[in-house]
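Chemist: Below is the file upload.txt, which contains compact mmCIF, C-alpha atoms and all ligand atoms.
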# COMPACT_ATOMS: atom_id res chain seq x y z
CA MET A 1 34.84 -22.31 2.84
CA ASN A 2 35.27 -22.48 6.59
CA ALA A 3 33.10 -25.27 7.95
CA ILE A 4 32.33 -23.58 11.26
CA MET A 5 29.34 -21.29 10.96
CA THR A 6 29.06 -18.29 13.25
CA ARG A 7 25.25 -18.36 13.21
CA THR A 8 22.68 -21.11 12.85
CA ALA A 9 19.71 -18.75 12.41
CA ARG A 10 19.42 -16.20 9.58
CA LEU A 11 19.85 -12.60 10.73
CA PRO A 12 17.67 -10.35 8.55
CA TYR A 13 18.96 -6.97 7.27
CA GLY A 14 15.97 -5.24 8.83
CA ARG A 15 13.06 -6.20 11.03
CA HIS A 16 10.02 -4.61 12.66
CA LEU A 17 9.55 -4.52 16.44
CA ILE A 18 6.03 -4.93 17.85
CA ASP A 19 5.30 -5.03 21.59
CA GLU A 20 2.19 -5.70 23.74
CA GLU A 21 1.43 -1.97 23.89
CA ASP A 22 1.25 -1.85 20.07
CA ILE A 23 -1.03 -4.89 20.00
CA GLN A 24 -3.34 -3.46 22.66
CA ALA A 25 -3.60 -0.18 20.74
CA VAL A 26 -4.70 -2.02 17.60
CA VAL A 27 -7.15 -4.27 19.45
CA GLU A 28 -8.80 -1.26 21.06
CA VAL A 29 -9.56 0.23 17.63
CA LEU A 30 -10.81 -3.13 16.31
CA ARG A 31 -13.42 -3.06 19.12
CA SER A 32 -14.47 0.52 18.32
CA ASP A 33 -16.94 1.99 15.81
CA TRP A 34 -14.33 3.25 13.34
CA LEU A 35 -12.18 0.80 11.39
CA THR A 36 -11.32 3.41 8.76
CA THR A 37 -11.66 7.18 8.16
CA GLY A 38 -12.15 7.65 11.90
CA PRO A 39 -10.58 9.74 14.66
CA CYS A 40 -7.41 7.63 15.01
CA ILE A 41 -6.16 8.83 11.64
CA ALA A 42 -6.32 12.49 12.68
CA ALA A 43 -4.64 11.65 15.99
CA PHE A 44 -1.76 9.88 14.23
CA GLU A 45 -1.42 12.70 11.70
CA LYS A 46 -1.29 15.29 14.46
CA ALA A 47 1.37 13.39 16.42
CA PHE A 48 3.43 12.80 13.25
CA ALA A 49 3.28 16.50 12.34
CA LYS A 50 4.40 17.42 15.85
CA LYS A 51 7.26 14.91 15.77
CA THR A 52 8.59 16.31 12.47
CA GLY A 53 7.96 19.95 13.42
CA SER A 54 5.62 20.38 10.47
CA LEU A 55 2.28 22.14 10.26
CA ASP A 56 0.33 19.17 8.90
CA ALA A 57 0.65 15.48 8.08
CA ILE A 58 -1.56 13.41 5.79
CA ALA A 59 -1.66 9.62 6.25
CA VAL A 60 -2.07 7.37 3.19
CA SER A 61 -1.95 3.66 2.32
CA SER A 62 1.77 3.44 1.41
CA GLY A 63 4.96 5.38 0.82
CA THR A 64 4.35 4.97 -2.88
CA ALA A 65 0.88 6.51 -2.51
CA ALA A 66 2.51 9.35 -0.55
CA LEU A 67 4.91 10.02 -3.46
CA HIS A 68 2.10 9.82 -6.03
CA ALA A 69 -0.09 12.18 -3.97
CA ALA A 70 2.85 14.58 -3.65
CA MET A 71 3.30 14.62 -7.44
CA PHE A 72 -0.41 15.39 -7.85
CA ALA A 73 -0.44 18.07 -5.16
CA VAL A 74 2.36 20.11 -6.73
CA GLY A 75 0.66 19.83 -10.14
CA VAL A 76 2.89 17.36 -12.01
CA GLU A 77 1.33 16.81 -15.44
CA PRO A 78 2.01 14.71 -18.56
CA GLN A 79 5.38 15.51 -20.18
CA ASP A 80 6.69 17.38 -17.13
CA GLU A 81 10.18 16.31 -16.07
CA VAL A 82 10.92 15.15 -12.54
CA ILE A 83 14.54 14.84 -11.41
CA VAL A 84 15.22 11.68 -9.35
CA PRO A 85 18.53 10.16 -8.19
CA ALA A 86 19.67 7.12 -10.20
CA ILE A 87 20.09 5.10 -6.99
CA THR A 88 16.83 4.80 -5.08
CA PHE A 89 13.85 2.50 -4.73
CA VAL A 90 11.85 2.35 -7.99
CA ALA A 91 8.83 4.05 -6.37
CA SER A 92 10.64 7.43 -6.25
CA ALA A 93 10.63 7.50 -10.07
CA ASN A 94 7.44 5.53 -10.72
CA ALA A 95 5.38 8.18 -8.91
CA ALA A 96 6.27 10.67 -11.66
CA VAL A 97 5.30 8.11 -14.33
CA TYR A 98 1.88 7.63 -12.67
CA GLN A 99 1.19 11.30 -13.47
CA GLY A 100 2.37 10.87 -17.05
CA ALA A 101 5.60 12.74 -16.30
CA ILE A 102 9.14 11.81 -17.30
CA PRO A 103 11.72 10.87 -14.66
CA VAL A 104 15.13 12.38 -15.40
CA PHE A 105 17.81 10.57 -13.44
CA ALA A 106 20.63 12.52 -11.81
CA ASP A 107 23.87 11.11 -10.45
CA VAL A 108 24.81 10.83 -6.78
CA ASP A 109 27.64 12.12 -4.61
CA PRO A 110 30.46 9.54 -4.32
CA ASP A 111 30.91 10.08 -0.55
CA THR A 112 27.26 9.78 0.50
CA LEU A 113 25.34 8.34 -2.49
CA LEU A 114 22.92 11.26 -2.01
CA LEU A 115 21.56 13.30 -4.93
CA ASP A 116 24.40 15.43 -6.36
CA PRO A 117 23.17 19.06 -6.58
CA ALA A 118 25.66 19.87 -9.36
CA ASP A 119 24.27 17.08 -11.56
CA VAL A 120 20.69 18.13 -10.71
CA GLU A 121 21.47 21.59 -12.05
CA ARG A 122 22.90 20.07 -15.27
CA LYS A 123 19.70 18.04 -15.81
CA ILE A 124 17.27 20.99 -15.58
CA THR A 125 15.33 21.92 -18.76
CA ASP A 126 12.27 24.16 -19.46
CA ARG A 127 10.09 21.16 -18.69
CA THR A 128 11.53 20.39 -15.25
CA LYS A 129 8.92 20.78 -12.52
CA VAL A 130 10.13 18.85 -9.48
CA ILE A 131 13.29 17.65 -7.74
CA VAL A 132 12.85 14.47 -5.69
CA ALA A 133 15.49 14.38 -2.93
CA VAL A 134 15.96 10.85 -1.58
CA ASP A 135 17.44 10.69 1.93
CA TYR A 136 19.33 7.51 1.09
CA ALA A 137 20.04 5.13 4.00
CA GLY A 138 18.59 7.73 6.41
CA GLN A 139 20.93 10.66 5.77
CA PRO A 140 19.23 13.92 4.68
CA CYS A 141 20.29 15.36 1.31
CA ASP A 142 21.99 18.75 1.00
CA TYR A 143 18.70 20.65 1.31
CA ASP A 144 20.21 24.15 1.30
CA ALA A 145 21.85 23.48 -2.06
CA LEU A 146 18.73 21.80 -3.48
CA ARG A 147 16.46 24.57 -2.18
CA SER A 148 18.50 27.29 -3.84
CA ILE A 149 18.47 25.38 -7.17
CA ALA A 150 14.69 24.87 -6.84
CA ASP A 151 14.11 28.56 -6.08
CA LYS A 152 16.36 29.71 -8.90
CA HIS A 153 14.47 27.62 -11.48
CA ASP A 154 11.00 27.86 -9.89
CA LEU A 155 10.80 24.12 -9.12
CA ARG A 156 9.10 22.20 -6.34
CA LEU A 157 11.18 20.18 -3.93
CA ILE A 158 9.76 16.83 -2.75
CA ALA A 159 11.66 14.79 -0.15
CA ASP A 160 11.50 11.01 -0.41
CA ALA A 161 12.23 10.66 3.29
CA CYS A 162 11.14 7.00 3.45
CA HIS A 163 14.49 6.12 5.11
CA ALA A 164 14.96 9.22 7.19
CA LEU A 165 12.21 9.70 9.78
CA GLY A 166 14.02 10.97 12.89
CA ALA A 167 17.09 12.42 11.09
CA THR A 168 18.10 16.11 11.07
CA TYR A 169 19.78 18.60 8.72
CA LYS A 170 21.51 21.60 10.33
CA GLY A 171 19.42 20.97 13.43
CA ARG A 172 16.11 20.90 11.53
CA PRO A 173 14.07 17.69 11.46
CA VAL A 174 13.38 15.71 8.29
CA GLY A 175 9.77 16.57 7.46
CA VAL A 176 10.23 20.35 7.09
CA LEU A 177 13.17 20.39 4.65
CA ALA A 178 11.14 20.27 1.39
CA ASP A 179 7.77 21.55 0.13
CA LEU A 180 6.42 18.07 0.77
CA SER A 181 8.14 15.21 2.60
CA THR A 182 7.02 11.63 2.03
CA PHE A 183 7.43 8.70 4.41
CA SER A 184 6.84 4.95 4.20
CA LEU A 185 5.37 2.99 7.11
CA HIS A 186 6.08 -0.39 5.53
CA ALA A 187 7.15 -3.16 7.93
CA ILE A 188 10.89 -2.64 7.37
CA LYS A 189 10.88 1.17 7.73
CA PRO A 190 11.77 3.27 10.84
CA ILE A 191 8.25 2.83 12.28
CA THR A 192 5.48 0.72 10.79
CA THR A 193 1.75 0.35 10.23
CA GLY A 194 2.30 -2.84 8.17
CA GLU A 195 1.72 -0.92 4.96
CA GLY A 196 1.27 2.83 5.13
CA GLY A 197 2.63 6.23 4.26
CA MET A 198 2.64 9.86 5.35
CA ILE A 199 3.23 13.26 3.77
CA THR A 200 4.26 16.28 5.86
CA THR A 201 4.02 19.90 4.79
CA ASN A 202 3.80 23.47 6.07
CA ASP A 203 1.60 24.45 3.12
CA VAL A 204 -2.14 24.48 3.93
CA LYS A 205 -3.20 24.40 0.26
CA LEU A 206 -1.00 21.41 -0.57
CA ALA A 207 -2.34 19.59 2.52
CA GLU A 208 -5.90 20.07 1.29
CA ARG A 209 -5.03 18.73 -2.18
CA LEU A 210 -3.38 15.68 -0.61
CA ARG A 211 -6.50 14.89 1.47
CA ILE A 212 -8.71 15.16 -1.60
CA PHE A 213 -6.39 12.97 -3.69
CA ARG A 214 -6.32 10.12 -1.17
CA ASN A 215 -10.11 9.97 -1.25
CA HIS A 216 -11.01 9.71 -4.99
CA GLY A 217 -10.78 13.47 -5.48
CA ILE A 218 -13.85 13.97 -3.30
CA MET A 219 -13.97 17.25 -1.43
CA THR A 220 -15.18 16.07 1.99
CA ASP A 221 -14.55 12.73 3.64
CA HIS A 222 -16.97 10.26 5.19
CA TRP A 223 -16.24 11.19 8.80
CA LYS A 224 -16.67 14.91 8.16
CA ARG A 225 -19.92 14.18 6.29
CA SER A 226 -21.31 12.11 9.12
CA GLN A 227 -20.39 14.90 11.55
CA GLY A 228 -21.95 17.54 9.31
CA GLY A 229 -25.10 15.49 8.60
CA THR A 230 -25.10 15.95 4.84
CA PHE A 231 -25.05 13.51 1.92
CA GLU A 232 -23.61 15.92 -0.62
CA TYR A 233 -20.14 15.72 -2.02
CA GLU A 234 -18.27 16.81 -5.11
CA MET A 235 -15.49 15.18 -7.09
CA ALA A 236 -13.60 17.85 -9.00
CA GLU A 237 -10.37 16.02 -9.86
CA LEU A 238 -9.37 12.40 -10.32
CA GLY A 239 -8.04 10.95 -7.10
CA TYR A 240 -7.51 7.43 -5.80
CA ASN A 241 -8.45 5.34 -2.81
CA TYR A 242 -5.19 5.80 -0.93
CA ARG A 243 -6.78 5.74 2.54
CA ILE A 244 -5.24 4.02 5.53
CA THR A 245 -7.23 2.28 8.29
CA ASP A 246 -7.72 3.45 11.86
CA PHE A 247 -6.24 0.29 13.34
CA GLN A 248 -3.09 0.84 11.28
CA CYS A 249 -2.90 4.40 12.59
CA ALA A 250 -3.30 3.11 16.16
CA LEU A 251 -0.22 0.97 15.53
CA GLY A 252 1.61 3.93 13.98
CA LEU A 253 0.80 6.18 16.92
CA SER A 254 2.06 3.57 19.36
CA GLN A 255 5.22 3.02 17.30
CA LEU A 256 5.91 6.75 16.99
CA GLY A 257 6.42 6.94 20.74
CA LYS A 258 9.39 4.59 20.42
CA LEU A 259 11.06 6.34 17.48
CA ASP A 260 13.68 8.32 19.44
CA ARG A 261 14.81 5.23 21.33
CA TRP A 262 14.99 3.20 18.11
CA ILE A 263 16.99 5.85 16.24
CA ALA A 264 19.44 5.94 19.17
CA GLN A 265 19.79 2.15 18.93
CA ARG A 266 20.41 2.31 15.19
CA GLN A 267 23.03 5.02 15.75
CA GLU A 268 24.75 2.84 18.35
CA ILE A 269 24.87 -0.14 15.99
CA ALA A 270 26.21 2.03 13.16
CA ALA A 271 28.89 3.51 15.45
CA HIS A 272 29.92 -0.02 16.46
CA TYR A 273 30.22 -1.11 12.80
CA ASN A 274 32.12 2.08 11.89
CA VAL A 275 34.77 1.40 14.53
CA ALA A 276 34.97 -2.33 13.77
CA PHE A 277 35.44 -1.85 10.02
CA MET A 278 37.79 1.15 10.21
CA ASP A 279 40.94 -0.99 9.92
CA CYS A 280 39.53 -3.27 7.21
CA ASP A 281 41.34 -2.54 3.94
CA ALA A 282 38.64 -4.18 1.84
CA LEU A 283 35.79 -2.07 3.27
CA GLU A 284 34.90 1.57 2.77
CA LEU A 285 32.21 3.38 4.76
CA LEU A 286 29.69 5.91 3.47
CA GLN A 287 30.26 9.38 4.90
CA VAL A 288 27.78 11.17 7.10
CA ARG A 289 28.19 14.94 6.81
CA ASP A 290 28.94 16.93 9.98
CA ASP A 291 25.83 19.11 9.60
CA ARG A 292 23.42 16.13 9.68
CA THR A 293 22.31 13.23 11.80
CA CYS A 294 21.47 9.92 10.12
CA ALA A 295 18.45 7.74 10.93
CA TRP A 296 20.44 4.67 9.75
CA HIS A 297 17.56 2.91 8.04
CA LEU A 298 20.30 1.08 6.14
CA TYR A 299 23.93 0.41 7.00
CA VAL A 300 25.59 0.47 3.58
CA ILE A 301 29.19 -0.62 3.22
CA ARG A 302 31.32 -0.55 0.08
CA LEU A 303 33.75 -3.24 -0.99
CA ARG A 304 37.20 -2.20 -2.18
CA LEU A 305 37.13 -4.59 -5.11
CA ASP A 306 40.83 -3.95 -5.84
CA CYS A 307 41.64 -5.55 -2.45
CA LEU A 308 39.56 -8.68 -3.12
CA THR A 309 39.97 -11.72 -5.36
CA VAL A 310 36.20 -11.95 -5.94
CA GLY A 311 33.33 -9.58 -6.75
CA ARG A 312 30.33 -8.37 -4.77
CA ARG A 313 28.22 -11.37 -5.81
CA GLU A 314 30.64 -13.85 -4.15
CA ILE A 315 30.91 -11.77 -0.97
CA PHE A 316 27.11 -11.48 -0.87
CA ASP A 317 26.70 -15.25 -1.31
CA ALA A 318 29.36 -16.01 1.32
CA LEU A 319 27.61 -13.73 3.85
CA ARG A 320 24.24 -15.34 3.09
CA LEU A 321 25.78 -18.80 3.54
CA GLU A 322 26.89 -17.64 6.99
CA ASN A 323 23.28 -16.60 7.73
CA ILE A 324 23.99 -12.88 7.58
CA GLY A 325 20.99 -11.45 5.72
CA VAL A 326 22.70 -8.85 3.57
CA ASN A 327 21.00 -6.99 0.74
CA VAL A 328 21.78 -4.48 -2.02
CA HIS A 329 20.09 -1.06 -2.10
CA TYR A 330 19.62 -0.37 -4.96
CA ILE A 331 19.97 -1.48 -8.57
CA PRO A 332 20.11 1.82 -10.53
CA VAL A 333 16.48 2.58 -11.41
CA PRO A 334 17.10 3.30 -15.14
CA TRP A 335 18.64 -0.19 -15.47
CA HIS A 336 15.26 -1.87 -14.91
CA PRO A 337 13.60 -3.29 -18.05
CA PHE A 338 10.65 -0.87 -17.73
CA TYR A 339 13.01 2.10 -18.05
CA GLN A 340 15.37 0.41 -20.51
CA LYS A 341 12.39 -0.11 -22.85
CA ARG A 342 11.71 3.60 -22.59
CA GLY A 343 15.15 4.52 -23.89
CA TYR A 344 17.18 5.15 -20.74
CA GLU A 345 20.63 3.90 -21.70
CA LYS A 346 23.14 2.54 -19.22
CA GLY A 347 26.36 4.45 -18.65
CA GLN A 348 24.95 7.93 -18.01
CA TRP A 349 25.38 7.95 -14.23
CA PRO A 350 29.05 7.12 -13.70
CA VAL A 351 29.08 7.41 -9.89
CA ALA A 352 25.79 5.59 -9.23
CA GLU A 353 26.60 2.79 -11.66
CA ARG A 354 30.14 2.28 -10.34
CA GLU A 355 29.13 2.42 -6.67
CA TYR A 356 26.19 0.06 -7.23
CA GLU A 357 28.65 -2.71 -8.11
CA ARG A 358 30.27 -2.61 -4.67
CA ILE A 359 27.55 -1.78 -2.12
CA LEU A 360 26.10 -4.10 0.49
CA SER A 361 23.52 -3.37 3.19
CA LEU A 362 24.37 -5.05 6.50
CA PRO A 363 21.77 -5.91 9.16
CA ILE A 364 20.64 -2.95 11.27
CA PHE A 365 17.38 -2.67 13.21
CA PRO A 366 16.23 -1.90 16.74
CA GLY A 367 16.12 -5.09 18.74
CA MET A 368 19.34 -6.40 17.20
CA SER A 369 21.45 -7.80 20.05
CA ASN A 370 25.12 -7.01 20.73
CA GLN A 371 25.80 -10.64 19.81
CA ASP A 372 24.09 -10.13 16.43
CA VAL A 373 26.27 -7.08 15.74
CA ASP A 374 29.41 -8.96 16.80
CA ASP A 375 28.44 -11.88 14.52
CA VAL A 376 28.13 -9.56 11.51
CA VAL A 377 31.53 -8.02 12.26
CA ALA A 378 33.18 -11.42 12.76
CA VAL A 379 31.74 -12.93 9.58
CA MET A 380 32.52 -9.82 7.52
CA LYS A 381 36.14 -9.85 8.72
CA LYS A 382 36.47 -13.57 8.14
CA ILE A 383 35.15 -13.41 4.59
CA THR A 384 37.09 -10.34 3.51
CA LYS A 385 40.26 -11.92 4.90
CA GLN A 386 39.54 -15.17 3.10
CA TYR A 387 39.20 -13.36 -0.23
CA ALA A 388 41.93 -10.77 0.37
CA ARG A 389 44.15 -10.10 -2.64
CA LYS A 390 47.55 -11.08 -1.27
CA GLU A 391 49.67 -9.56 -4.01
CA ARG A 392 48.25 -6.09 -3.43
CA ILE A 393 50.94 -3.58 -2.60
CA VAL A 394 50.25 -1.78 0.69
C1 LIG B 1 10.07 2.00 0.94
C2 LIG B 1 10.36 3.11 0.01
C3 LIG B 1 9.37 3.67 -0.82
C4 LIG B 1 8.00 3.09 -0.98
O1 LIG B 1 7.31 2.89 0.19
P1 LIG B 1 6.14 1.79 0.29
O2 LIG B 1 5.51 2.09 1.60
O3 LIG B 1 6.78 0.46 0.23
O4 LIG B 1 5.21 2.03 -0.86
C5 LIG B 1 9.73 4.76 -1.60
N1 LIG B 1 10.97 5.27 -1.59
C6 LIG B 1 11.95 4.74 -0.82
C7 LIG B 1 13.30 5.36 -0.84
C8 LIG B 1 11.67 3.64 -0.02
O5 LIG B 1 12.65 3.09 0.71
Spell out the structure here as structure tokens.
Ligand SMILES: *Cc1c(COP(=O)(O)O)cnc(C)c1O

Modeler:
Amino acid sequence: MNAIMTRTARLPYGRHLIDEEDIQAVVEVLRSDWLTTGPCIAAFEKAFAKKTGSLDAIAVSSGTAALHAAMFAVGVEPQDEVIVPAITFVASANAAVYQGAIPVFADVDPDTLLLDPADVERKITDRTKVIVAVDYAGQPCDYDALRSIADKHDLRLIADACHALGATYKGRPVGVLADLSTFSLHAIKPITTGEGGMITTNDVKLAERLRIFRNHGIMTDHWKRSQGGTFEYEMAELGYNYRITDFQCALGLSQLGKLDRWIAQRQEIAAHYNVAFMDCDALELLQVRDDRTCAWHLYVIRLRLDCLTVGRREIFDALRLENIGVNVHYIPVPWHPFYQKRGYEKGQWPVAEREYERILSLPIFPGMSNQDVDDVVAVMKKITKQYARKERIV
């Protein structure tokens, strides 16, 4: 290894950005009468709905809670089948399991690693109820294709848009592209409330079911009751406590105002990487389709393993040794022991399983300096050169 390190401090692959304005917004709520189930939640929901062009938004305690609530709202029941891409965060599939349903994994497109509509169609049975479209790395799925499949087979379309807040498909914002769109507000996501989630929809009935589900299945919430001056409430269905606090929503509201600027910064960093890695034989970029914009939650690069003398593990370790905080998103979900024990056998998702072996997520986040970006490029070039397969015929 080269003894001279480019960086002395570890550069993370993602990082939140909190300013004084965010802190003041939270402090103000901490001094108020409502720590939870208060007016700040409605204000954040309203602003989020406006930002995504949707009729309504429902804030919950996490992105996972948002996915679970979405499964409940569209009526997912035990033994129903829910189609999920093989490459995603485990929560996309687990949410179906929470409702007793069966995740059916579909393969991904080799250019984008987004859900492959042709494989979705192959996986549909009489028991299929929902398609979960995951906007991997921040690029929206092919929603026109997925919508026509859903309509043809009378299925519901749920977007796992946890990476994609701020992206567009054919000029339409993420948030209105599915029956329900779910977002994560975890610290590493496009905007944050620490932990938190959101669901957007244009369907008034689904919105009502989501609000009931996040509050134990109770028909009216505490704030509405206090306004209405009644003690009565009814619980008709089993819900959960998936509420979020008002001080978290104050942070979310403050963060939302910075989203456009942050997406622009992510797009700039991605454009810089794209140009820098274009002439690198050992690296292959993911494609972004012409009809979409990407929110670049992740910058995923693929190794051309035939050009290298080592595998992904060694490249990963070498980058980490150089203090470049790379990561891998994601291990195919059916490979996890939980799913293996339930009979999902490896080898059924040829694209996802092959691509998984050669993906790396490079650092990308608002607040990353030009120097940080240059360091990643320099280290990446150094390492791929060091492990270049010399005998390869060009
Ligand atoms: C982060 C994430 C989730 C879960 O969100 P949490 O807020 O961490 O519960 C679900 N799906 C995807 C694709 C994610 O990236």

Chemist: Give the residue list for ligand LIG 1 (chain B) at 7 Å, counting only C-alpha atoms and all ligand atoms, as a count of residues only, sorted by chain and then by residue number.

Modeler: 21

Chemist: Which residues, written as number ranges by chain, have at least one atom at most 9 Å from Pro117 (chain A), with all atoms listed in the file counted and residues fewer than 2 positions away on the same chain left out?

Modeler: A: 106-109, 115, 119-122, 142, 145-146, 149

Chemist: Tell me, as a count of residues only, which residues lie within 12 Å of Lys385 (chain A), counting all atoms listed in the file; anything in the same chain fewer than 4 positions away does not count.

Modeler: 17

Chemist: For CA of Ser54 (chain A) and CA of Val176 (chain A), quote the distance in Å rounded to one decimal.

Modeler: 5.7 Å

Chemist: Have a look at A:Met278, A:Ile124, A:Ile301, A:Ala59 and name the one nearest to Ile199 (chain A); count only C-alpha atoms.

Modeler: A:Ala59

Chemist: Could you tell me how far CA of Pro85 (chain A) sits from CA of Phe105 (chain A), in Å to one decimal place?

Modeler: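 One can read the CA of Phe105 (chain A) to CA of Pro85 (chain A) distance as 5.3 Å.
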
Chemist: Between A:Tyr240, A:Trp34, A:Tyr339, A:Tyr143, which is the closest to Asp116 (chain A) once you count only C-alpha atoms?

Modeler: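 Residue with the minimum atom-to-atom distance to Asp116 (chain A): A:Tyr143.
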
Chemist: Nearest to Val300 (chain A): which of A:Val275, A:Ile364, A:Val333, A:Leu67 is it, counting all atoms listed in the file?

Modeler: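 Checking each of A:Val275, A:Ile364, A:Val333, A:Leu67 against Val300 (chain A), counting all atoms listed in the file, the winner is A:Ile364.
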
Chemist: With distances taken over only C-alpha atoms, which of A:Ala93, A:Glu28, A:Val373, A:Trp296 is nearest to Ala276 (chain A)?

Modeler: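 Looking only at the distances to Ala276 (chain A), the closest residue turns out to be A:Val373.
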
Chemist: If I take CA of Gln386 (chain A) and CA of Ser361 (chain A), how far is one from the other in Å, to one decimal?

Modeler: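 That distance, rounded to one decimal, is 19.9 Å.
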
Chemist: When you count all atoms listed in the file, which of these residues is closest to Phe277 (chain A): A:Arg289, A:Lys129, A:His329, A:Lys382?

Modeler: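 Counting all atoms listed in the file, the residue closest to Phe277 (chain A) is A:Lys382.
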